[in-house]
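Participant: Contents of final10.cif (mmCIF, C-alpha atoms and all ligand atoms) are below:
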data_my_file
#
loop_
_atom_site.label_atom_id
_atom_site.label_comp_id
_atom_site.auth_asym_id
_atom_site.auth_seq_id
_atom_site.Cartn_x
_atom_site.Cartn_y
_atom_site.Cartn_z
CA MET A 181 205.71 209.24 34.85
CA LEU A 182 202.61 211.24 35.57
CA LYS A 183 199.77 213.01 33.82
CA ILE A 184 200.00 216.68 33.05
CA ARG A 185 197.41 219.23 32.03
CA GLY A 186 198.08 221.81 29.29
CA ARG A 187 196.43 225.17 28.66
CA ILE A 188 194.15 226.31 25.86
CA GLN A 189 194.95 229.60 24.13
CA HIS A 190 191.75 231.31 22.98
CA TYR A 191 193.17 233.35 20.11
CA ALA A 192 190.49 234.79 17.81
CA TRP A 193 191.62 232.76 14.78
CA GLY A 194 190.95 229.41 16.50
CA GLY A 195 188.19 226.91 15.80
CA HIS A 196 185.43 226.02 18.25
CA SER A 197 185.24 222.24 18.20
CA TYR A 198 188.53 220.43 17.50
CA ILE A 199 190.38 221.17 20.74
CA PRO A 200 187.33 220.88 23.06
CA GLN A 201 186.50 217.52 21.40
CA LEU A 202 190.08 216.34 21.83
CA LEU A 203 190.05 217.27 25.51
CA GLY A 204 186.50 216.09 26.20
CA GLN A 205 185.37 219.58 27.14
CA PRO A 206 182.11 221.38 26.31
CA GLN A 207 182.14 223.49 23.15
CA ASN A 208 181.23 227.14 23.27
CA PRO A 209 180.47 228.90 19.96
CA GLU A 210 181.47 232.20 21.61
CA ILE A 211 184.94 231.07 22.68
CA PRO A 212 187.51 230.05 20.06
CA CYS A 213 190.08 227.43 21.04
CA ALA A 214 193.15 228.07 18.90
CA GLU A 215 196.03 226.25 20.59
CA TYR A 216 196.58 223.69 23.31
CA TRP A 217 199.98 224.16 24.95
CA LEU A 218 201.98 221.48 26.73
CA GLY A 219 205.16 222.80 28.31
CA THR A 220 206.58 225.30 30.76
CA HIS A 221 206.37 228.60 28.85
CA PRO A 222 205.32 231.26 31.39
CA ALA A 223 202.58 232.54 29.05
CA ALA A 224 200.58 229.31 29.57
CA PRO A 225 202.40 226.80 31.78
CA SER A 226 201.18 223.23 32.12
CA THR A 227 200.50 221.74 35.52
CA VAL A 228 201.09 218.34 37.04
CA ILE A 229 197.86 216.54 37.85
CA ALA A 230 198.13 215.74 41.54
CA ALA A 231 197.33 212.34 42.97
CA ALA A 232 193.66 211.58 43.66
CA GLY A 233 192.48 213.34 46.78
CA SER A 234 194.99 216.17 46.52
CA GLU A 235 193.63 219.52 45.40
CA GLN A 236 196.95 221.13 44.72
CA GLU A 237 198.12 221.63 41.13
CA ILE A 238 201.86 222.08 40.74
CA ALA A 239 203.38 224.04 37.87
CA LEU A 240 205.30 221.69 35.58
CA ALA A 241 208.45 223.87 35.62
CA GLU A 242 208.50 223.86 39.45
CA TYR A 243 207.92 220.16 39.51
CA LEU A 244 210.83 219.48 37.15
CA ALA A 245 213.14 221.78 39.10
CA SER A 246 212.22 220.38 42.53
CA ASN A 247 212.94 216.86 41.26
CA GLN A 248 216.28 217.89 39.71
CA LEU A 249 214.95 217.03 36.24
CA PRO A 250 216.20 218.88 33.15
CA ALA A 251 214.03 221.77 31.90
CA LEU A 252 211.97 221.16 28.78
CA LYS A 253 213.62 222.64 25.70
CA PHE A 254 210.38 222.57 23.73
CA LEU A 255 206.81 223.75 23.60
CA PHE A 256 204.38 221.12 22.32
CA LYS A 257 201.10 222.30 20.78
CA VAL A 258 197.91 221.29 19.03
CA LEU A 259 196.60 223.99 16.68
CA ASP A 260 193.14 224.45 15.17
CA VAL A 261 193.34 227.16 12.52
CA ARG A 262 189.90 228.42 11.45
CA ASP A 263 190.96 231.90 10.26
CA MET A 264 194.42 232.47 8.82
CA LEU A 265 197.22 233.61 11.10
CA SER A 266 199.49 236.55 10.40
CA ILE A 267 202.51 236.15 8.14
CA GLN A 268 205.27 235.84 10.68
CA VAL A 269 208.91 235.14 11.27
CA HIS A 270 210.91 234.09 14.31
CA PRO A 271 214.36 235.35 15.35
CA THR A 272 217.60 233.47 15.78
CA LYS A 273 218.88 232.88 19.31
CA ALA A 274 221.28 235.84 19.06
CA GLN A 275 218.56 238.14 17.70
CA ALA A 276 216.15 237.05 20.44
CA GLU A 277 218.69 237.65 23.19
CA GLU A 278 219.53 241.10 21.85
CA GLY A 279 215.88 242.04 21.30
CA PHE A 280 214.68 240.75 24.69
CA THR A 281 217.42 242.68 26.52
CA ARG A 282 216.73 245.83 24.50
CA GLU A 283 212.95 245.76 25.10
CA ASN A 284 213.48 245.04 28.81
CA ALA A 285 215.83 248.03 29.02
CA SER A 286 213.12 250.17 27.38
CA ASP A 287 210.61 249.01 30.04
CA ILE A 288 208.16 247.66 27.46
CA PRO A 289 205.77 245.39 29.44
CA LEU A 290 205.87 241.71 28.40
CA THR A 291 202.15 241.86 27.63
CA ALA A 292 202.29 245.10 25.59
CA SER A 293 200.87 244.76 22.07
CA HIS A 294 204.02 246.31 20.57
CA ARG A 295 206.35 243.96 22.47
CA ASN A 296 208.25 241.80 19.92
CA TYR A 297 210.44 239.69 22.20
CA LYS A 298 208.65 237.90 25.04
CA ASP A 299 211.64 235.72 25.94
CA ASN A 300 215.28 235.31 24.93
CA SER A 301 214.90 232.12 22.85
CA ASP A 302 214.80 231.40 19.15
CA LYS A 303 211.70 229.53 17.93
CA PRO A 304 212.45 226.92 15.30
CA GLU A 305 209.22 225.02 14.61
CA LEU A 306 207.94 221.90 12.98
CA ALA A 307 204.36 221.05 12.18
CA VAL A 308 202.61 217.76 11.37
CA ALA A 309 199.27 218.10 9.58
CA LEU A 310 196.34 216.41 11.30
CA SER A 311 193.93 217.43 8.52
CA ASP A 312 194.34 218.96 5.10
CA PHE A 313 196.53 221.88 6.06
CA TRP A 314 197.23 225.08 4.12
CA LEU A 315 200.06 227.50 4.81
CA LEU A 316 202.30 230.14 3.32
CA HIS A 317 205.92 229.06 3.61
CA GLY A 318 208.97 231.04 2.51
CA ILE A 319 209.51 233.26 -0.51
CA ALA A 320 208.37 232.07 -3.94
CA ASN A 321 210.71 231.91 -6.92
CA ASP A 322 211.24 234.79 -9.32
CA GLU A 323 209.03 233.32 -12.04
CA GLN A 324 206.06 232.92 -9.67
CA ILE A 325 206.48 236.39 -8.21
CA THR A 326 206.77 238.18 -11.57
CA SER A 327 203.80 236.28 -12.95
CA ARG A 328 201.66 237.30 -9.97
CA LEU A 329 202.78 240.93 -10.14
CA ASN A 330 202.22 241.11 -13.90
CA ARG A 331 198.62 240.00 -13.68
CA ALA A 332 197.25 243.52 -13.12
CA GLU A 333 198.37 246.96 -14.17
CA TYR A 334 197.63 248.40 -10.72
CA LEU A 335 200.42 246.28 -9.19
CA LYS A 336 203.02 248.14 -11.27
CA PRO A 337 204.60 250.05 -8.34
CA LEU A 338 205.16 246.76 -6.51
CA LEU A 339 206.61 245.13 -9.63
CA ASN A 340 208.93 248.10 -10.09
CA ALA A 341 210.11 247.91 -6.49
CA TYR A 342 210.70 244.18 -6.91
CA MET A 343 212.61 244.58 -10.19
CA LYS A 344 214.82 247.27 -8.65
CA GLY A 345 215.42 245.95 -5.14
CA GLY A 346 214.09 242.39 -4.99
CA THR A 347 211.67 240.98 -2.42
CA GLU A 348 213.06 243.04 0.44
CA ALA A 349 212.40 246.33 -1.36
CA ALA A 350 208.95 245.11 -2.39
CA PHE A 351 208.10 244.23 1.24
CA ARG A 352 209.19 247.71 2.31
CA LEU A 353 206.72 249.24 -0.14
CA ALA A 354 203.97 246.70 0.61
CA LEU A 355 204.19 247.52 4.34
CA ASP A 356 204.41 251.28 3.91
CA THR A 357 200.75 251.94 4.70
CA GLY A 358 201.22 255.72 4.53
CA ASN A 359 202.41 255.52 0.91
CA PRO A 360 199.67 256.55 -1.63
CA ASP A 361 200.92 253.88 -4.10
CA THR A 362 200.48 251.19 -1.46
CA GLN A 363 197.06 252.48 -0.43
CA HIS A 364 195.97 252.49 -4.08
CA MET A 365 197.25 248.93 -4.62
CA HIS A 366 195.32 247.74 -1.54
CA GLN A 367 192.10 249.30 -2.81
CA ALA A 368 192.54 248.15 -6.40
CA LEU A 369 193.41 244.59 -5.40
CA ALA A 370 190.41 244.39 -3.05
CA ALA A 371 188.04 245.70 -5.72
CA ASP A 372 189.51 243.40 -8.36
CA ILE A 373 189.27 240.11 -6.52
CA VAL A 374 186.37 240.54 -4.08
CA ALA A 375 183.67 238.98 -6.29
CA LYS A 376 185.74 236.45 -8.23
CA GLN A 377 185.96 232.70 -7.69
CA TYR A 378 189.30 231.12 -6.84
CA ALA A 379 190.41 227.59 -6.03
CA LYS A 380 192.27 227.01 -2.75
CA THR A 381 195.37 226.26 -4.82
CA ASP A 382 195.35 229.89 -6.03
CA ILE A 383 197.08 232.28 -3.65
CA LEU A 384 194.39 234.89 -4.41
CA PHE A 385 191.82 232.63 -2.72
CA TRP A 386 193.58 233.35 0.58
CA VAL A 387 194.01 237.06 -0.12
CA GLN A 388 190.30 237.21 -0.84
CA GLN A 389 189.45 235.32 2.37
CA TRP A 390 191.42 237.82 4.40
CA LEU A 391 189.83 240.84 2.66
CA ARG A 392 186.31 239.46 3.10
CA LYS A 393 186.81 239.03 6.84
CA ASN A 394 188.94 242.12 7.37
CA PRO A 395 187.86 244.69 4.77
CA GLN A 396 189.18 247.56 6.89
CA THR A 397 192.58 245.96 7.51
CA PRO A 398 194.55 245.33 4.31
CA ASN A 399 197.70 245.49 6.47
CA GLY A 400 200.46 243.55 4.68
CA ILE A 401 198.06 241.90 2.23
CA LEU A 402 200.44 242.51 -0.69
CA THR A 403 203.23 240.52 0.94
CA VAL A 404 201.20 237.34 0.32
CA LEU A 405 202.00 237.71 -3.40
CA PHE A 406 205.66 236.91 -2.65
CA MET A 407 205.12 233.68 -0.77
CA ASN A 408 204.90 229.97 -1.51
CA LEU A 409 201.46 228.43 -1.00
CA VAL A 410 201.77 224.91 0.47
CA HIS A 411 199.20 222.18 1.04
CA LEU A 412 199.98 219.34 3.46
CA ALA A 413 197.95 216.14 3.48
CA PRO A 414 197.27 214.59 6.92
CA GLY A 415 200.53 213.13 8.24
CA GLU A 416 202.79 215.35 6.15
CA ALA A 417 205.20 217.56 8.06
CA ILE A 418 207.23 220.72 7.46
CA PHE A 419 209.68 222.83 9.43
CA GLN A 420 210.41 226.54 9.73
CA PRO A 421 213.92 227.64 10.69
CA SER A 422 214.63 231.11 12.12
CA GLY A 423 214.10 233.86 9.57
CA LEU A 424 211.70 231.96 7.33
CA LEU A 425 208.44 233.83 6.68
CA HIS A 426 205.31 231.70 7.10
CA ALA A 427 201.59 231.84 7.86
CA TYR A 428 199.17 229.09 8.77
CA LEU A 429 195.98 229.42 6.76
CA GLU A 430 193.62 226.56 7.57
CA GLY A 431 193.46 223.17 9.27
CA GLN A 432 194.72 221.36 12.35
CA ASN A 433 198.27 220.39 13.21
CA ILE A 434 200.67 219.28 15.90
CA GLU A 435 203.52 221.71 16.46
CA LEU A 436 206.80 221.30 18.25
CA MET A 437 209.05 224.29 18.74
CA ALA A 438 211.65 225.78 21.02
CA ASN A 439 210.19 227.10 24.26
CA SER A 440 209.50 230.58 22.92
CA ASP A 441 206.76 233.02 21.94
CA ASN A 442 208.85 235.44 19.86
CA VAL A 443 206.99 236.57 16.74
CA LEU A 444 207.56 239.37 14.21
CA ARG A 445 204.62 239.98 11.87
CA ALA A 446 204.68 240.80 8.16
CA GLY A 447 201.07 240.80 7.05
CA LEU A 448 197.51 239.49 7.36
CA THR A 449 197.19 241.04 10.76
CA PRO A 450 195.29 243.84 12.44
CA LYS A 451 198.23 244.04 14.86
CA HIS A 452 201.15 246.41 14.74
CA ILE A 453 203.84 245.49 12.18
CA ASP A 454 207.33 246.53 13.27
CA VAL A 455 208.75 246.92 9.77
CA ALA A 456 212.28 247.87 10.84
CA GLU A 457 212.60 244.86 13.15
CA LEU A 458 211.00 242.55 10.59
CA MET A 459 213.52 243.62 7.94
CA LYS A 460 216.36 242.65 10.28
CA ILE A 461 214.96 239.20 10.99
CA ALA A 462 213.31 237.94 7.78
CA ASN A 463 215.05 235.95 5.07
CA PHE A 464 213.94 237.37 1.70
CA ASN A 465 215.66 234.78 -0.46
CA SER A 466 213.52 232.35 -2.43
CA THR A 467 213.15 229.02 -0.57
CA PRO A 468 211.58 225.97 -2.27
CA PRO A 469 209.10 224.36 0.20
CA ALA A 470 210.29 220.88 -0.82
CA GLU A 471 213.53 221.57 1.08
CA PHE A 472 211.54 221.95 4.30
CA ILE A 473 209.11 219.06 3.95
CA ILE A 474 210.21 216.48 6.51
CA ASP A 475 211.24 213.02 5.31
CA THR A 476 209.68 210.82 7.97
CA GLN A 477 211.57 207.75 9.16
CA SER A 478 209.92 204.63 10.48
CA THR A 479 211.82 202.71 13.16
CA GLU A 480 211.78 198.93 13.65
CA GLN A 481 209.33 199.45 16.50
CA GLY A 482 206.89 201.28 14.26
CA GLU A 483 207.69 204.73 15.58
CA LEU A 484 207.40 207.44 12.96
CA ARG A 485 210.11 210.06 13.43
CA TYR A 486 210.05 213.62 12.06
CA PRO A 487 213.74 214.55 11.88
CA THR A 488 214.73 218.22 11.49
CA PRO A 489 218.03 220.12 11.67
CA PHE A 490 217.01 221.44 15.12
CA PRO A 491 219.40 220.16 17.79
CA ASP A 492 217.30 220.45 20.97
CA PHE A 493 214.10 218.47 20.49
CA GLU A 494 212.48 215.78 18.40
CA LEU A 495 208.95 214.72 17.51
CA SER A 496 207.68 211.27 16.64
CA SER A 497 204.37 209.41 16.62
CA TRP A 498 202.63 206.08 16.61
CA ASN A 499 199.63 205.93 14.36
CA PRO A 500 196.84 203.37 14.11
CA GLY A 501 198.07 200.29 12.29
CA GLN A 502 201.67 200.68 13.41
CA LEU A 503 203.24 198.10 15.71
CA ALA A 504 201.32 198.37 18.98
CA SER A 505 203.88 197.54 21.70
CA PRO A 506 207.03 199.61 21.32
CA HIS A 507 209.42 200.00 24.26
CA TRP A 508 212.30 202.38 24.82
CA LEU A 509 214.71 203.81 27.37
CA VAL A 510 213.79 207.38 28.29
CA GLU A 511 216.97 209.47 28.33
CA GLN A 512 215.56 212.98 28.61
CA PRO A 513 212.19 214.32 29.78
CA GLU A 514 209.44 213.40 27.33
CA ILE A 515 205.80 214.28 26.88
CA LEU A 516 203.40 211.84 25.25
CA LEU A 517 200.07 213.14 23.97
CA CYS A 518 197.29 210.73 23.04
CA LEU A 519 195.27 212.08 20.12
CA ASP A 520 193.06 209.07 19.67
CA GLY A 521 192.31 205.69 21.19
CA THR A 522 193.70 204.48 24.51
CA ALA A 523 197.36 203.72 25.17
CA THR A 524 198.79 202.10 28.28
CA LEU A 525 202.24 203.23 29.27
CA THR A 526 204.11 200.78 31.49
CA ASP A 527 207.36 201.20 33.40
CA ILE A 528 208.98 197.87 32.55
CA VAL A 529 211.12 197.71 35.71
CA SER A 530 208.61 198.73 38.37
CA GLY A 531 205.56 197.44 36.51
CA SER A 532 203.59 200.59 37.28
CA ALA A 533 201.29 201.65 34.46
CA ILE A 534 199.35 204.70 33.40
CA VAL A 535 196.39 204.66 31.03
CA CYS A 536 196.40 207.55 28.57
CA GLU A 537 193.07 208.35 26.93
CA LYS A 538 192.34 210.67 24.02
CA GLY A 539 193.45 214.21 24.90
CA GLU A 540 195.58 213.15 27.86
CA ALA A 541 199.29 213.85 28.21
CA VAL A 542 201.96 212.14 30.26
CA LEU A 543 205.37 213.38 31.41
CA ILE A 544 207.99 210.60 31.49
CA TRP A 545 211.10 210.91 33.61
CA PRO A 546 214.52 210.04 32.28
CA GLY A 547 216.07 206.76 33.34
CA HIS A 548 213.03 204.55 32.87
CA THR A 549 212.36 201.93 30.25
CA VAL A 550 208.73 202.13 29.21
CA SER A 551 206.42 200.29 26.85
CA LEU A 552 203.31 201.50 25.08
CA ASN A 553 200.43 199.12 24.54
CA GLY A 554 196.98 199.31 23.07
CA GLU A 555 195.10 199.05 19.84
CA HIS A 556 194.66 201.74 17.24
CA PHE A 557 195.95 204.59 19.34
CA GLN A 558 197.53 207.70 17.92
CA VAL A 559 200.21 209.08 20.22
CA PHE A 560 202.68 211.91 19.63
CA ARG A 561 205.98 211.94 21.51
CA ALA A 562 207.97 215.14 22.13
CA ARG A 563 211.35 214.99 23.79
CA ASN A 564 214.49 216.86 24.62
CA ILE A 565 217.64 215.85 22.83
CA ALA A 566 220.66 216.11 25.12
ZN ZN B 1 205.59 230.38 13.44
#
Show this structure as structure tokens.
Facilitator:
Amino acid sequence: MLKIRGRIQHYAWGGHSYIPQLLGQPQNPEIPCAEYWLGTHPAAPSTVIAAAGSEQEIALAEYLASNQLPALKFLFKVLDVRDMLSIQVHPTKAQAEEGFTRENASDIPLTASHRNYKDNSDKPELAVALSDFWLLHGIANDEQITSRLNRAEYLKPLLNAYMKGGTEAAFRLALDTGNPDTQHMHQALAADIVAKQYAKTDILFWVQQWLRKNPQTPNGILTVLFMNLVHLAPGEAIFQPSGLLHAYLEGQNIELMANSDNVLRAGLTPKHIDVAELMKIANFNSTPPAEFIIDTQSTEQGELRYPTPFPDFELSSWNPGQLASPHWLVEQPEILLCLDGTATLTDIVSGSAIVCEKGEAVLIWPGHTVSLNGEHFQVFRARNIA
């Protein structure tokens, strides 16, 4: 086992204090810190922290390969969402493979803004709220959608499209920025709601937030009207399978996902929306959020598991107040991340120990039995499933 160092992603929607505080780094009001990545994705690979006295930092992927250890099947993240993210959807494995090959064949650079597929993996995700957390998750039911679309006469074209062709047809119209009906609906909606007061439980609160910050970019704003608005209390968790539309709106969370960065956007974004590709990937059927809220399971050793249908990786945690000295046999590579307190990780056979402070992460090799000791620590554990 050894300590590893992740990378911060400075996306514009990120907060300024949560991640620097977690990592014990200085805060800079000019530089947002949106995500902290632990893993081997080439876009922001983690490194192994070399022994004292050695200057060299080794990439985690190289380190795993040179020690004949299995590759990580996951990307482990901390997110701090200050401004809402785009409505997005992730492809299945087959769609990702096809799209990645196609875009490579078209010589679209991996860093190009219109590149959809940055790798050939699907990206199932789960998220555990670390604060009150707000998100859009899946398509609302018919009653909710018709009630939202009936609230104003100017939304009539969208209601008509929905009544004729369902959510998919309505998305097509909502994303057709060259269509005069769509342009008129954008303007009328903005004018209607800009000065009103909404509670956070009202989906128009979030539409209004977007329009206040991005008055020139109503891109995809109407698609919000078709989505479920979900609030998670700290500790609650939810998952997003391939094809499920979602957008993080506000708060901090821990995310675990397949090792991928493949995103198709459907709204709330100044970025390019590839409507044709989105239509192929997104699931437009109504999906009740309750079906995706994770039923946590507590083990005898006080470990809180977040089971999902995803076959490749699993997330669990120990939170303050839970049994303080669990031990387990490590069967696949694991990463532990300490979010609070101090935890001591001990290899029971060799007796070697590593002290993990707030913000620190440890890679544990398979084949070792380890124990975790300390008081009032909060530690998240991400691991491959064979
Ligand atoms: Zn996502």
Participant: Could you tell me which of A:Ala245, A:Ile325, A:Ala371, A:Leu444 comes closest to ligand ZN 1 (chain B) if we count all atoms listed in the file?
Facilitator: A:Leu444
Participant: At a cut-off of 6 Å around the point (202.8, 237.9, 8.4) (file coordinates), what residues fall inside when counting all atoms listed in the file? I'd like the answer as a list in words.
Facilitator: Ser266, Ile267, Gln268, Arg445, Ala446, Gly447 and Leu448 of chain A
Participant: Using all atoms listed in the file, which residue out of A:Phe493, A:Phe406, A:Tyr334, A:Trp193 lies closest to Ala368 in chain A?
Facilitator: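 The shortest atom-to-atom distance to Ala368 in chain A comes from A:Tyr334.
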Participant: Contacts between ligand ZN 1 (chain B) and chain A, please, where a residue of chain A counts if it comes within 10 Å (with only C-alpha atoms and all ligand atoms); show its shortest atom pair and distance in Å to one decimal, rows by chain and ascending number, as CSV.
Facilitator:
residue,atom,partner,partner_atom,distance
A:Leu265,CA,B:ZN1,ZN,9.3
A:Ser266,CA,B:ZN1,ZN,9.2
A:Ile267,CA,B:ZN1,ZN,8.4
A:Gln268,CA,B:ZN1,ZN,6.1
A:Val269,CA,B:ZN1,ZN,6.2
A:His270,CA,B:ZN1,ZN,6.5
A:Lys303,CA,B:ZN1,ZN,7.6
A:Pro304,CA,B:ZN1,ZN,7.9
A:Glu305,CA,B:ZN1,ZN,6.6
A:Leu306,CA,B:ZN1,ZN,8.8
A:Ala307,CA,B:ZN1,ZN,9.5
A:His317,CA,B:ZN1,ZN,9.9
A:Phe419,CA,B:ZN1,ZN,9.5
A:Gln420,CA,B:ZN1,ZN,7.2
A:Pro421,CA,B:ZN1,ZN,9.2
A:Ser422,CA,B:ZN1,ZN,9.2
A:Gly423,CA,B:ZN1,ZN,10.0
A:Leu424,CA,B:ZN1,ZN,8.8
A:Leu425,CA,B:ZN1,ZN,8.1
A:His426,CA,B:ZN1,ZN,6.5
A:Ala427,CA,B:ZN1,ZN,7.0
A:Tyr428,CA,B:ZN1,ZN,8.0
A:Glu435,CA,B:ZN1,ZN,9.4
A:Met437,CA,B:ZN1,ZN,8.8
A:Asp441,CA,B:ZN1,ZN,9.0
A:Asn442,CA,B:ZN1,ZN,8.8
A:Val443,CA,B:ZN1,ZN,7.2
A:Leu444,CA,B:ZN1,ZN,9.2
A:Arg445,CA,B:ZN1,ZN,9.8
Participant: Just to confirm, what's the straight-line distance from CA of Ser440 in chain A to CA of Val455 in chain A in Å (one decimal)?
Facilitator: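 These atoms are spaced 21.0 Å apart.
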Participant: Which residue, A:Thr326, A:Ser505, A:Thr403, A:Asn439, has the smallest gap to Ala349 in chain A when you use only C-alpha atoms?
Facilitator: A:Thr403
Participant: Skip Asp260 in chain A itself and residues of its chain fewer than 2 positions away, then list as a ChimeraX atom specification all residues within 7 Å of it, counting all atoms listed in the file.
Facilitator: /A:194-195,198,214-215,258,262,431-433
Participant: Using only C-alpha atoms, which of the listed residues (A:Ser466, A:Thr524, A:Gln502, A:Gln236) sits closest to His556 in chain A?
Facilitator: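 Going through A:Ser466, A:Thr524, A:Gln502, A:Gln236 one by one, the smallest distance to His556 in chain A is for A:Gln502.
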Participant: Find the residue from A:Gln363, A:Asn300, A:Asn399, A:Gln248 that sits nearest to Thr449 in chain A; use only C-alpha atoms when measuring.
Facilitator: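 Once distances to Thr449 in chain A are computed over only C-alpha atoms, the minimum belongs to A:Asn399.
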Participant: A:Asp322, A:Glu333, A:Glu555, A:Asp492: which is nearest Ala251 in chain A, counting all atoms listed in the file?
Facilitator: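 Nearest candidate to Ala251 in chain A out of A:Asp322, A:Glu333, A:Glu555, A:Asp492: A:Asp492.
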Participant: Please measure the separation of CA of Val510 in chain A and CA of Lys253 in chain A, giving the value in Å to one decimal.
Facilitator: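 Pair CA of Val510 in chain A / CA of Lys253 in chain A returns 15.5 Å.
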Participant: Compile the contact shell of Gln477 in chain A as number ranges by chain: residues with an atom at most 7 Å away, counting all atoms listed in the file, same-chain residues fewer than 4 positions apart removed.
Facilitator: A: 484-486
Participant: For a cutoff of 9 Å around the file-coordinate point (195.8, 199.2, 28.0), which residues qualify once you count all atoms listed in the file? I'd like the result as an MDAnalysis selection string.
Facilitator: chainID A and resid 522:525 533:536 552:555
Participant: For a test of reading the model, state the distance in Å between CA of Leu517 in chain A and CA of Phe490 in chain A, rounded to one decimal.
Facilitator: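 Going from CA of Leu517 in chain A over to CA of Phe490 in chain A, I get 20.8 Å.
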Participant: Quick one: residues within 7 Å of Ile229 in chain A, only C-alpha atoms, excluding same-chain residues fewer than 4 positions away - as a list in words?
Facilitator: Lys183, Ile184, Arg185 and Glu237 of chain A
